[in-house]
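Here is the file model-v4.cif (mmCIF, N, CA and C atoms).
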data_target
loop_
_atom_site.label_atom_id
_atom_site.label_comp_id
_atom_site.auth_asym_id
_atom_site.auth_seq_id
_atom_site.Cartn_x
_atom_site.Cartn_y
_atom_site.Cartn_z
N MET A 236 92.11 -3.77 5.39
CA MET A 236 91.98 -4.14 6.77
C MET A 236 90.77 -5.04 6.92
N LYS A 237 90.95 -6.23 7.45
CA LYS A 237 89.84 -7.16 7.64
C LYS A 237 89.01 -6.72 8.84
N ARG A 238 87.73 -6.89 8.74
CA ARG A 238 86.82 -6.53 9.83
C ARG A 238 85.99 -7.74 10.24
N LEU A 239 85.68 -7.79 11.52
CA LEU A 239 84.76 -8.81 12.02
C LEU A 239 83.35 -8.26 11.95
N PHE A 240 82.39 -9.01 12.42
CA PHE A 240 80.99 -8.58 12.42
C PHE A 240 80.85 -7.25 13.15
N GLY A 241 79.97 -6.39 12.69
CA GLY A 241 79.72 -5.12 13.35
C GLY A 241 80.84 -4.10 13.20
N GLY A 242 81.78 -4.34 12.29
CA GLY A 242 82.84 -3.38 12.05
C GLY A 242 83.98 -3.44 13.06
N GLN A 243 84.01 -4.44 13.94
CA GLN A 243 85.09 -4.54 14.90
C GLN A 243 86.37 -5.01 14.23
N GLU A 244 87.49 -4.53 14.73
CA GLU A 244 88.77 -4.95 14.19
C GLU A 244 89.08 -6.38 14.62
N THR A 245 89.87 -7.09 13.82
CA THR A 245 90.34 -8.39 14.24
C THR A 245 91.37 -8.17 15.34
N LEU A 246 91.61 -9.19 16.16
CA LEU A 246 92.52 -9.07 17.30
C LEU A 246 93.89 -8.54 16.89
N ALA A 247 94.46 -9.08 15.82
CA ALA A 247 95.79 -8.67 15.40
C ALA A 247 95.86 -7.20 15.00
N GLU A 248 94.76 -6.64 14.55
CA GLU A 248 94.76 -5.25 14.10
C GLU A 248 94.67 -4.25 15.25
N ARG A 249 94.43 -4.72 16.45
CA ARG A 249 94.32 -3.84 17.61
C ARG A 249 95.66 -3.43 18.19
N PHE A 250 96.75 -4.02 17.74
CA PHE A 250 98.05 -3.82 18.36
C PHE A 250 99.04 -3.23 17.37
N PRO A 251 99.98 -2.43 17.88
CA PRO A 251 100.97 -1.81 16.99
C PRO A 251 101.85 -2.80 16.23
N VAL A 252 102.16 -3.96 16.85
CA VAL A 252 102.98 -4.97 16.19
C VAL A 252 102.07 -6.13 15.78
N ALA A 253 101.99 -6.37 14.48
CA ALA A 253 101.14 -7.44 13.96
C ALA A 253 101.89 -8.20 12.87
N HIS A 254 101.81 -9.51 12.93
CA HIS A 254 102.44 -10.37 11.93
C HIS A 254 101.47 -11.50 11.58
N SER A 255 101.69 -12.11 10.46
CA SER A 255 100.92 -13.30 10.09
C SER A 255 101.34 -14.45 11.00
N GLY A 256 100.51 -15.49 11.05
CA GLY A 256 100.86 -16.67 11.82
C GLY A 256 102.19 -17.26 11.37
N GLN A 257 102.42 -17.28 10.08
CA GLN A 257 103.67 -17.81 9.54
C GLN A 257 104.87 -16.98 10.00
N GLU A 258 104.72 -15.67 10.01
CA GLU A 258 105.81 -14.80 10.46
C GLU A 258 106.06 -14.98 11.96
N TRP A 259 105.00 -15.10 12.77
CA TRP A 259 105.19 -15.35 14.20
C TRP A 259 105.93 -16.67 14.41
N ARG A 260 105.60 -17.70 13.63
CA ARG A 260 106.29 -18.99 13.76
C ARG A 260 107.77 -18.86 13.42
N ARG A 261 108.08 -17.99 12.48
CA ARG A 261 109.48 -17.77 12.11
C ARG A 261 110.23 -17.02 13.22
N ARG A 262 109.57 -16.06 13.85
CA ARG A 262 110.20 -15.21 14.85
C ARG A 262 110.34 -15.87 16.23
N LEU A 263 109.44 -16.78 16.56
CA LEU A 263 109.40 -17.37 17.90
C LEU A 263 109.78 -18.84 17.85
N ASP A 264 110.34 -19.35 18.96
CA ASP A 264 110.55 -20.79 19.00
C ASP A 264 109.20 -21.46 19.28
N PRO A 265 109.08 -22.77 19.10
CA PRO A 265 107.78 -23.44 19.25
C PRO A 265 107.11 -23.20 20.61
N ALA A 266 107.86 -23.20 21.69
CA ALA A 266 107.27 -22.99 23.02
C ALA A 266 106.76 -21.57 23.16
N GLN A 267 107.51 -20.59 22.67
CA GLN A 267 107.06 -19.19 22.72
C GLN A 267 105.81 -19.01 21.87
N PHE A 268 105.78 -19.61 20.69
CA PHE A 268 104.62 -19.51 19.82
C PHE A 268 103.39 -20.08 20.51
N TYR A 269 103.54 -21.24 21.15
CA TYR A 269 102.43 -21.89 21.83
C TYR A 269 101.84 -20.98 22.92
N VAL A 270 102.69 -20.35 23.72
CA VAL A 270 102.20 -19.50 24.80
C VAL A 270 101.71 -18.16 24.26
N LEU A 271 102.54 -17.45 23.52
CA LEU A 271 102.20 -16.09 23.08
C LEU A 271 101.07 -16.04 22.06
N ARG A 272 101.05 -16.94 21.11
CA ARG A 272 100.08 -16.85 20.02
C ARG A 272 98.90 -17.83 20.16
N LYS A 273 99.07 -18.90 20.93
CA LYS A 273 98.01 -19.91 21.07
C LYS A 273 97.41 -19.93 22.48
N HIS A 274 97.81 -18.98 23.32
CA HIS A 274 97.29 -18.85 24.69
C HIS A 274 97.61 -20.06 25.55
N GLY A 275 98.77 -20.64 25.32
CA GLY A 275 99.19 -21.79 26.11
C GLY A 275 99.77 -21.38 27.46
N THR A 276 100.17 -22.38 28.23
CA THR A 276 100.79 -22.16 29.53
C THR A 276 102.01 -23.07 29.63
N GLU A 277 103.13 -22.50 30.06
CA GLU A 277 104.31 -23.32 30.28
C GLU A 277 104.14 -24.11 31.59
N ARG A 278 104.86 -25.20 31.71
CA ARG A 278 104.81 -26.00 32.94
C ARG A 278 105.34 -25.19 34.11
N ALA A 279 104.67 -25.28 35.24
CA ALA A 279 105.09 -24.57 36.46
C ALA A 279 106.51 -24.96 36.83
N GLY A 280 107.27 -23.96 37.28
CA GLY A 280 108.62 -24.19 37.78
C GLY A 280 109.69 -24.36 36.73
N THR A 281 109.36 -24.16 35.45
CA THR A 281 110.34 -24.41 34.38
C THR A 281 111.08 -23.15 33.92
N SER A 282 110.61 -21.98 34.29
CA SER A 282 111.22 -20.75 33.80
C SER A 282 112.41 -20.31 34.65
N SER A 283 113.51 -20.00 34.00
CA SER A 283 114.68 -19.46 34.70
C SER A 283 114.39 -18.05 35.25
N LEU A 284 113.37 -17.40 34.73
CA LEU A 284 113.05 -16.04 35.19
C LEU A 284 112.45 -16.02 36.60
N ILE A 285 112.01 -17.16 37.09
CA ILE A 285 111.50 -17.21 38.47
C ILE A 285 112.60 -16.78 39.44
N ALA A 286 113.82 -17.22 39.18
CA ALA A 286 114.95 -16.94 40.07
C ALA A 286 115.68 -15.65 39.73
N GLU A 287 115.25 -14.92 38.71
CA GLU A 287 115.93 -13.69 38.30
C GLU A 287 115.80 -12.63 39.40
N LYS A 288 116.95 -12.16 39.92
CA LYS A 288 116.96 -11.19 41.02
C LYS A 288 117.62 -9.86 40.64
N ARG A 289 118.22 -9.79 39.46
CA ARG A 289 118.90 -8.54 39.08
C ARG A 289 117.90 -7.43 38.80
N ARG A 290 118.40 -6.20 38.88
CA ARG A 290 117.58 -5.05 38.51
C ARG A 290 117.52 -4.98 36.99
N GLY A 291 116.35 -4.65 36.47
CA GLY A 291 116.19 -4.54 35.04
C GLY A 291 114.73 -4.54 34.66
N THR A 292 114.49 -4.93 33.40
CA THR A 292 113.14 -4.88 32.85
C THR A 292 112.81 -6.19 32.15
N PHE A 293 111.60 -6.67 32.38
CA PHE A 293 111.09 -7.84 31.69
C PHE A 293 110.32 -7.35 30.46
N VAL A 294 110.66 -7.90 29.29
CA VAL A 294 110.07 -7.44 28.03
C VAL A 294 109.41 -8.62 27.31
N CYS A 295 108.49 -8.30 26.42
CA CYS A 295 107.79 -9.31 25.64
C CYS A 295 108.78 -10.02 24.72
N ALA A 296 108.75 -11.35 24.74
CA ALA A 296 109.62 -12.14 23.86
C ALA A 296 109.18 -12.03 22.40
N GLY A 297 107.95 -11.59 22.17
CA GLY A 297 107.45 -11.48 20.80
C GLY A 297 107.82 -10.17 20.13
N CYS A 298 107.74 -9.06 20.87
CA CYS A 298 107.94 -7.76 20.22
C CYS A 298 108.89 -6.82 20.96
N GLY A 299 109.35 -7.19 22.15
CA GLY A 299 110.28 -6.34 22.89
C GLY A 299 109.63 -5.24 23.69
N ASN A 300 108.31 -5.19 23.73
CA ASN A 300 107.60 -4.18 24.52
C ASN A 300 107.94 -4.36 26.00
N THR A 301 108.19 -3.27 26.72
CA THR A 301 108.49 -3.37 28.14
C THR A 301 107.23 -3.70 28.91
N LEU A 302 107.33 -4.68 29.82
CA LEU A 302 106.17 -5.20 30.54
C LEU A 302 106.21 -4.91 32.04
N PHE A 303 107.31 -5.32 32.69
CA PHE A 303 107.40 -5.22 34.15
C PHE A 303 108.81 -4.80 34.56
N ALA A 304 108.89 -3.97 35.60
CA ALA A 304 110.18 -3.62 36.21
C ALA A 304 110.52 -4.68 37.24
N SER A 305 111.80 -4.94 37.42
CA SER A 305 112.22 -5.97 38.37
C SER A 305 111.79 -5.64 39.80
N ASP A 306 111.65 -4.37 40.14
CA ASP A 306 111.26 -4.04 41.52
C ASP A 306 109.79 -4.34 41.81
N ALA A 307 109.01 -4.72 40.79
CA ALA A 307 107.61 -5.13 40.99
C ALA A 307 107.47 -6.65 41.04
N LYS A 308 108.59 -7.37 40.96
CA LYS A 308 108.58 -8.83 40.96
C LYS A 308 108.59 -9.32 42.41
N PHE A 309 107.89 -10.42 42.66
CA PHE A 309 107.91 -11.03 43.99
C PHE A 309 107.79 -12.53 43.86
N GLU A 310 108.16 -13.24 44.91
CA GLU A 310 108.08 -14.70 44.92
C GLU A 310 106.69 -15.10 45.39
N SER A 311 105.91 -15.67 44.49
CA SER A 311 104.54 -16.05 44.81
C SER A 311 104.41 -17.51 45.22
N GLY A 312 105.43 -18.31 44.90
CA GLY A 312 105.35 -19.74 45.19
C GLY A 312 104.48 -20.52 44.23
N THR A 313 104.05 -19.88 43.14
CA THR A 313 103.15 -20.54 42.19
C THR A 313 103.88 -21.34 41.11
N GLY A 314 105.16 -21.03 40.89
CA GLY A 314 105.89 -21.70 39.82
C GLY A 314 106.01 -20.87 38.56
N TRP A 315 105.53 -19.63 38.60
CA TRP A 315 105.66 -18.71 37.47
C TRP A 315 106.15 -17.36 37.99
N PRO A 316 106.88 -16.60 37.17
CA PRO A 316 107.27 -15.26 37.59
C PRO A 316 106.02 -14.44 37.91
N SER A 317 106.07 -13.72 39.03
CA SER A 317 104.91 -12.95 39.47
C SER A 317 105.30 -11.50 39.76
N PHE A 318 104.37 -10.62 39.45
CA PHE A 318 104.59 -9.18 39.60
C PHE A 318 103.34 -8.57 40.20
N TYR A 319 103.50 -7.48 40.95
CA TYR A 319 102.31 -6.83 41.52
C TYR A 319 101.84 -5.65 40.69
N GLN A 320 102.64 -5.25 39.68
CA GLN A 320 102.24 -4.10 38.87
C GLN A 320 103.01 -4.08 37.55
N PRO A 321 102.32 -3.85 36.43
CA PRO A 321 103.02 -3.72 35.14
C PRO A 321 103.53 -2.29 34.94
N LEU A 322 104.40 -2.13 33.98
CA LEU A 322 104.82 -0.79 33.57
C LEU A 322 103.69 -0.12 32.80
N ASP A 323 103.63 1.19 32.85
CA ASP A 323 102.60 1.93 32.11
C ASP A 323 102.66 1.56 30.63
N GLY A 324 101.52 1.19 30.08
CA GLY A 324 101.43 0.85 28.67
C GLY A 324 102.00 -0.51 28.31
N GLY A 325 102.39 -1.29 29.30
CA GLY A 325 103.03 -2.58 29.03
C GLY A 325 102.07 -3.69 28.69
N VAL A 326 100.95 -3.76 29.42
CA VAL A 326 100.04 -4.88 29.24
C VAL A 326 98.60 -4.40 29.11
N GLY A 327 97.77 -5.28 28.62
CA GLY A 327 96.33 -5.09 28.58
C GLY A 327 95.69 -6.32 29.17
N THR A 328 94.40 -6.24 29.43
CA THR A 328 93.69 -7.39 29.98
C THR A 328 92.40 -7.63 29.21
N THR A 329 91.97 -8.87 29.21
CA THR A 329 90.69 -9.27 28.62
C THR A 329 90.08 -10.35 29.51
N GLU A 330 88.80 -10.55 29.37
CA GLU A 330 88.13 -11.61 30.11
C GLU A 330 88.40 -12.94 29.43
N ASP A 331 88.78 -13.93 30.21
CA ASP A 331 89.07 -15.27 29.71
C ASP A 331 88.05 -16.23 30.33
N ARG A 332 87.21 -16.82 29.49
CA ARG A 332 86.17 -17.74 29.98
C ARG A 332 86.47 -19.19 29.61
N SER A 333 87.75 -19.51 29.40
CA SER A 333 88.11 -20.88 29.06
C SER A 333 88.12 -21.76 30.32
N PHE A 334 88.08 -23.05 30.12
CA PHE A 334 88.15 -24.03 31.21
C PHE A 334 87.03 -23.86 32.23
N PHE A 335 85.86 -23.43 31.78
CA PHE A 335 84.66 -23.34 32.62
C PHE A 335 84.82 -22.40 33.82
N MET A 336 85.63 -21.36 33.66
CA MET A 336 85.79 -20.37 34.71
C MET A 336 86.04 -19.01 34.06
N THR A 337 85.93 -17.96 34.85
CA THR A 337 86.21 -16.61 34.36
C THR A 337 87.47 -16.11 35.05
N ARG A 338 88.45 -15.72 34.24
CA ARG A 338 89.71 -15.17 34.74
C ARG A 338 90.01 -13.92 33.93
N THR A 339 91.01 -13.17 34.40
CA THR A 339 91.46 -12.00 33.66
C THR A 339 92.78 -12.33 32.99
N GLU A 340 92.75 -12.40 31.66
CA GLU A 340 93.96 -12.69 30.88
C GLU A 340 94.79 -11.42 30.75
N VAL A 341 96.11 -11.59 30.77
CA VAL A 341 97.05 -10.50 30.56
C VAL A 341 97.72 -10.71 29.22
N HIS A 342 97.73 -9.67 28.38
CA HIS A 342 98.40 -9.76 27.08
C HIS A 342 99.32 -8.55 26.90
N CYS A 343 100.29 -8.71 26.02
CA CYS A 343 101.22 -7.63 25.69
C CYS A 343 100.46 -6.53 24.95
N ALA A 344 100.65 -5.30 25.40
CA ALA A 344 100.01 -4.17 24.73
C ALA A 344 100.65 -3.87 23.38
N GLY A 345 101.84 -4.40 23.13
CA GLY A 345 102.51 -4.16 21.86
C GLY A 345 102.06 -5.08 20.75
N CYS A 346 101.93 -6.38 21.06
CA CYS A 346 101.62 -7.36 20.01
C CYS A 346 100.40 -8.22 20.31
N GLY A 347 99.82 -8.09 21.49
CA GLY A 347 98.66 -8.89 21.85
C GLY A 347 98.99 -10.29 22.31
N GLY A 348 100.28 -10.61 22.42
CA GLY A 348 100.68 -11.95 22.84
C GLY A 348 100.19 -12.28 24.24
N HIS A 349 99.74 -13.51 24.41
CA HIS A 349 99.26 -13.99 25.72
C HIS A 349 100.44 -14.09 26.68
N LEU A 350 100.30 -13.47 27.85
CA LEU A 350 101.36 -13.52 28.86
C LEU A 350 101.00 -14.40 30.04
N GLY A 351 99.77 -14.35 30.47
CA GLY A 351 99.34 -15.10 31.65
C GLY A 351 98.01 -14.56 32.14
N HIS A 352 97.87 -14.50 33.48
CA HIS A 352 96.63 -14.02 34.09
C HIS A 352 96.95 -13.15 35.29
N VAL A 353 95.99 -12.33 35.71
CA VAL A 353 96.15 -11.51 36.92
C VAL A 353 95.07 -11.92 37.91
N PHE A 354 95.48 -12.01 39.19
CA PHE A 354 94.60 -12.45 40.27
C PHE A 354 94.63 -11.43 41.41
N PRO A 355 93.56 -11.36 42.20
CA PRO A 355 93.48 -10.37 43.27
C PRO A 355 94.06 -10.85 44.60
N ASP A 356 95.15 -11.63 44.55
CA ASP A 356 95.73 -12.17 45.78
C ASP A 356 97.21 -11.83 45.93
N GLY A 357 97.62 -10.68 45.41
CA GLY A 357 99.02 -10.27 45.45
C GLY A 357 99.33 -9.38 46.65
N PRO A 358 100.58 -8.95 46.75
CA PRO A 358 101.01 -8.12 47.87
C PRO A 358 100.63 -6.65 47.69
N LYS A 359 100.81 -5.88 48.74
CA LYS A 359 100.66 -4.42 48.65
C LYS A 359 101.77 -3.91 47.75
N PRO A 360 101.62 -2.84 47.06
CA PRO A 360 100.56 -1.86 47.24
C PRO A 360 99.31 -2.10 46.38
N THR A 361 99.37 -3.01 45.42
CA THR A 361 98.23 -3.17 44.50
C THR A 361 97.28 -4.30 44.91
N GLY A 362 97.79 -5.29 45.61
CA GLY A 362 96.98 -6.46 45.93
C GLY A 362 96.78 -7.40 44.75
N LEU A 363 97.52 -7.16 43.66
CA LEU A 363 97.38 -7.96 42.44
C LEU A 363 98.58 -8.89 42.27
N ARG A 364 98.33 -10.03 41.61
CA ARG A 364 99.39 -10.97 41.25
C ARG A 364 99.30 -11.24 39.76
N TYR A 365 100.22 -10.63 39.02
CA TYR A 365 100.33 -10.90 37.58
C TYR A 365 101.17 -12.16 37.46
N CYS A 366 100.53 -13.27 37.15
CA CYS A 366 101.17 -14.58 37.04
C CYS A 366 101.51 -14.78 35.56
N ILE A 367 102.80 -14.67 35.23
CA ILE A 367 103.22 -14.54 33.84
C ILE A 367 104.08 -15.73 33.40
N ASN A 368 103.82 -16.24 32.22
CA ASN A 368 104.65 -17.29 31.64
C ASN A 368 106.04 -16.73 31.35
N GLY A 369 107.05 -17.33 31.94
CA GLY A 369 108.42 -16.86 31.71
C GLY A 369 108.85 -16.95 30.26
N ILE A 370 108.39 -17.96 29.55
CA ILE A 370 108.75 -18.15 28.14
C ILE A 370 108.24 -17.01 27.27
N ALA A 371 107.26 -16.27 27.77
CA ALA A 371 106.68 -15.15 27.02
C ALA A 371 107.49 -13.86 27.18
N MET A 372 108.53 -13.91 28.03
CA MET A 372 109.33 -12.72 28.30
C MET A 372 110.81 -13.00 28.15
N THR A 373 111.56 -11.93 28.02
CA THR A 373 113.01 -11.96 28.17
C THR A 373 113.36 -10.90 29.20
N PHE A 374 114.55 -10.99 29.76
CA PHE A 374 114.97 -10.05 30.79
C PHE A 374 116.11 -9.19 30.26
N ARG A 375 115.99 -7.90 30.47
CA ARG A 375 117.05 -6.95 30.10
C ARG A 375 117.60 -6.36 31.39
N PRO A 376 118.81 -6.79 31.80
CA PRO A 376 119.37 -6.24 33.03
C PRO A 376 119.71 -4.76 32.87
N ASP A 377 119.63 -4.06 33.97
CA ASP A 377 120.02 -2.64 34.00
C ASP A 377 121.53 -2.61 34.13
N THR A 378 122.24 -2.47 33.03
CA THR A 378 123.69 -2.57 33.02
C THR A 378 124.37 -1.45 33.80
N ALA A 379 123.73 -0.31 33.93
CA ALA A 379 124.32 0.78 34.70
C ALA A 379 124.41 0.40 36.17
N ILE A 380 123.47 -0.39 36.65
CA ILE A 380 123.47 -0.80 38.05
C ILE A 380 124.33 -2.02 38.26
N ASP A 381 124.39 -2.92 37.29
CA ASP A 381 125.13 -4.17 37.44
C ASP A 381 126.64 -4.02 37.29
N ARG A 382 127.12 -2.87 36.91
CA ARG A 382 128.56 -2.69 36.71
C ARG A 382 129.31 -2.66 38.02
#

Represent the supplied structure as structure tokens.
Amino acid sequence: MKRLFGGQETLAERFPVAHSGQEWRRRLDPAQFYVLRKHGTERAGTSSLIAEKRRGTFVCAGCGNTLFASDAKFESGTGWPSFYQPLDGGVGTTEDRSFFMTRTEVHCAGCGGHLGHVFPDGPKPTGLRYCINGIAMTFRPDTAIDR
């Protein structure tokens, strides 16, 4: 197990699902790799998940970890899928100091993949807006309800 200074684990070792960069490139398409593994951002308004209205679960495109329930999704007008609350154990957060500002980054609790950011301007009951890259997720409809 590789260690960083002071005995801290490397980022990849903190998560249950870990792969080499080469393996992530094999598993993900180039756009998913850019967002999930390189902390990129997809262009606003490009995700089909913005318009997703069915009941179901949004899961990590990298590892399949459950992230958000469809009933926590709302239309934020930002151009990215937005949620007011993640599922228990779905996501983690870290401080992001890139681009000369401080934001709260949201990552998958399963693989550490970058999902987006969370902001304090969302609806009740949490007042939070999880602004998530659609390319970082897939949607699993609740087939029992859709029948």

Box in all listed atoms of stretch 356-367 of chain A, axis-aligned, with 5 Å more on each side; write out centre and edge lengths in Å to one decimal as AutoDock Vina command-line options.
--center_x 99.6 --center_y -8.8 --center_z 41.1 --size_x 18.9 --size_y 23.9 --size_z 25.3

Which distance in Å separates atom C of A:Gly280 and atom C of A:Pro316, to one decimal?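 One can read the atom C of A:Gly280 to atom C of A:Pro316 distance as 10.6 Å.
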
Just asking: which residues within chain A are strand (DSSP E) according to DSSP, as a PyMOL selection string? chain A and resi 291-295+301-304+308-309+317-318+326-331+338-343+349-354+364-367+372-376

What's the 7 Å shell around stretch 333-346 of chain A, counting only C-alpha atoms, without same-chain residues fewer than 2 positions away, as a VMD selection string? chain A and resid 250 to 253 295 298 300 324 to 331 348 to 353

In Å, rounded to a single decimal, give me how far atom CA of A:Gly312 is from atom CA of A:Arg278. 13.8 Å

Resolved residues for the PyMOL selection byres (((chain A and resi 294 and name CA) around 9) and name CA) as a list in words: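 Checking the PyMOL selection byres (((chain A and resi 294 and name CA) around 9) and name CA) against this file, the residues are Thr292, Phe293, Cys295, Ala296, Gly297, Cys298, Gly299, Asn300, Thr301, Leu302, Phe303, Gly325, Ala371, Met372, Thr373, Phe374 and Arg375 of chain A.
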
One number please: atom CA of A:Arg289 to atom CA of A:Phe309, in Å, one decimal.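 Between atom CA of A:Arg289 and atom CA of A:Phe309 the gap works out to 12.3 Å.
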
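Shortest separation to A:Leu271 among A:Gly362, A:Gly291, A:Gly347, A:Gly357 occurs at residue A:Gly347, atoms counted being all atoms listed in the file.
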
Hey, which of A:Thr378, A:Ser317, A:Gln257, A:Gln267 ends up closest to A:Arg364? Count all atoms listed in the file.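 Counting all atoms listed in the file, the residue closest to A:Arg364 is A:Ser317.
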
Using the chain letters and numbers from this file, what does the PyMOL selection byres ((chain A and resi 307) around 6.5) select? Give the answer as a tab-separated table (two decimals) with N, CA and C atoms, in the frame of the given file.
chain	number	residue	atom	x	y	z
A	303	PHE	N	107.31	-5.32	32.69
A	303	PHE	CA	107.40	-5.22	34.15
A	303	PHE	C	108.81	-4.80	34.56
A	304	ALA	N	108.89	-3.97	35.60
A	304	ALA	CA	110.18	-3.62	36.21
A	304	ALA	C	110.52	-4.68	37.24
A	305	SER	N	111.80	-4.94	37.42
A	305	SER	CA	112.22	-5.97	38.37
A	305	SER	C	111.79	-5.64	39.80
A	306	ASP	N	111.65	-4.37	40.14
A	306	ASP	CA	111.26	-4.04	41.52
A	306	ASP	C	109.79	-4.34	41.81
A	308	LYS	N	108.59	-7.37	40.96
A	308	LYS	CA	108.58	-8.83	40.96
A	308	LYS	C	108.59	-9.32	42.41
A	309	PHE	N	107.89	-10.42	42.66
A	309	PHE	CA	107.91	-11.03	43.99
A	309	PHE	C	107.79	-12.53	43.86
A	317	SER	N	106.07	-13.72	39.03
A	317	SER	CA	104.91	-12.95	39.47
A	317	SER	C	105.30	-11.50	39.76
A	318	PHE	N	104.37	-10.62	39.45
A	318	PHE	CA	104.59	-9.18	39.60
A	318	PHE	C	103.34	-8.57	40.20
A	319	TYR	N	103.50	-7.48	40.95
A	319	TYR	CA	102.31	-6.83	41.52
A	319	TYR	C	101.84	-5.65	40.69
A	320	GLN	N	102.64	-5.25	39.68
A	320	GLN	CA	102.24	-4.10	38.87
A	320	GLN	C	103.01	-4.08	37.55

Mind the document's chain letters and residue numbers, and return as a PyMOL selection string the residues of chain A that DSSP labels alpha helix (DSSP H). chain A and resi 256-262+265-273+378-381

Print the selection's residues with N, CA and C atoms to a file, as an mmCIF file, keeping the file's coordinate frame.
data_model
loop_
_atom_site.group_PDB
_atom_site.id
_atom_site.type_symbol
_atom_site.label_atom_id
_atom_site.label_comp_id
_atom_site.auth_asym_id
_atom_site.auth_seq_id
_atom_site.Cartn_x
_atom_site.Cartn_y
_atom_site.Cartn_z
ATOM 1 N N GLY A 256 100.510 -15.490 11.050
ATOM 2 C CA GLY A 256 100.860 -16.670 11.820
ATOM 3 C C GLY A 256 102.190 -17.260 11.370
ATOM 4 N N GLN A 257 102.420 -17.280 10.080
ATOM 5 C CA GLN A 257 103.670 -17.810 9.540
ATOM 6 C C GLN A 257 104.870 -16.980 10.000
ATOM 7 N N GLU A 258 104.720 -15.670 10.010
ATOM 8 C CA GLU A 258 105.810 -14.800 10.460
ATOM 9 C C GLU A 258 106.060 -14.980 11.960
ATOM 10 N N TRP A 259 105.000 -15.100 12.770
ATOM 11 C CA TRP A 259 105.190 -15.350 14.200
ATOM 12 C C TRP A 259 105.930 -16.670 14.410
ATOM 13 N N ARG A 260 105.600 -17.700 13.630
ATOM 14 C CA ARG A 260 106.290 -18.990 13.760
ATOM 15 C C ARG A 260 107.770 -18.860 13.420
ATOM 16 N N ARG A 261 108.080 -17.990 12.480
ATOM 17 C CA ARG A 261 109.480 -17.770 12.110
ATOM 18 C C ARG A 261 110.230 -17.020 13.220
ATOM 19 N N ARG A 262 109.570 -16.060 13.850
ATOM 20 C CA ARG A 262 110.200 -15.210 14.850
ATOM 21 C C ARG A 262 110.340 -15.870 16.230
ATOM 22 N N PRO A 265 109.080 -22.770 19.100
ATOM 23 C CA PRO A 265 107.780 -23.440 19.250
ATOM 24 C C PRO A 265 107.110 -23.200 20.610
ATOM 25 N N ALA A 266 107.860 -23.200 21.690
ATOM 26 C CA ALA A 266 107.270 -22.990 23.020
ATOM 27 C C ALA A 266 106.760 -21.570 23.160
ATOM 28 N N GLN A 267 107.510 -20.590 22.670
ATOM 29 C CA GLN A 267 107.060 -19.190 22.720
ATOM 30 C C GLN A 267 105.810 -19.010 21.870
ATOM 31 N N PHE A 268 105.780 -19.610 20.690
ATOM 32 C CA PHE A 268 104.620 -19.510 19.820
ATOM 33 C C PHE A 268 103.390 -20.080 20.510
ATOM 34 N N TYR A 269 103.540 -21.240 21.150
ATOM 35 C CA TYR A 269 102.430 -21.890 21.830
ATOM 36 C C TYR A 269 101.840 -20.980 22.920
ATOM 37 N N VAL A 270 102.690 -20.350 23.720
ATOM 38 C CA VAL A 270 102.200 -19.500 24.800
ATOM 39 C C VAL A 270 101.710 -18.160 24.260
ATOM 40 N N LEU A 271 102.540 -17.450 23.520
ATOM 41 C CA LEU A 271 102.200 -16.090 23.080
ATOM 42 C C LEU A 271 101.070 -16.040 22.060
ATOM 43 N N ARG A 272 101.050 -16.940 21.110
ATOM 44 C CA ARG A 272 100.080 -16.850 20.020
ATOM 45 C C ARG A 272 98.900 -17.830 20.160
ATOM 46 N N LYS A 273 99.070 -18.900 20.930
ATOM 47 C CA LYS A 273 98.010 -19.910 21.070
ATOM 48 C C LYS A 273 97.410 -19.930 22.480
ATOM 49 N N THR A 378 122.240 -2.470 33.030
ATOM 50 C CA THR A 378 123.690 -2.570 33.020
ATOM 51 C C THR A 378 124.370 -1.450 33.800
ATOM 52 N N ALA A 379 123.730 -0.310 33.930
ATOM 53 C CA ALA A 379 124.320 0.780 34.700
ATOM 54 C C ALA A 379 124.410 0.400 36.170
ATOM 55 N N ILE A 380 123.470 -0.390 36.650
ATOM 56 C CA ILE A 380 123.470 -0.800 38.050
ATOM 57 C C ILE A 380 124.330 -2.020 38.260
ATOM 58 N N ASP A 381 124.390 -2.920 37.290
ATOM 59 C CA ASP A 381 125.130 -4.170 37.440
ATOM 60 C C ASP A 381 126.640 -4.020 37.290
#

Could you check the closest approach to A:Phe354 for each of A:Glu287, A:Asp323, A:Cys366, A:Arg260 and tell me which residue wins, using all atoms listed in the file?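 Between A:Glu287, A:Asp323, A:Cys366, A:Arg260, the residue approaching A:Phe354 most closely is A:Cys366.
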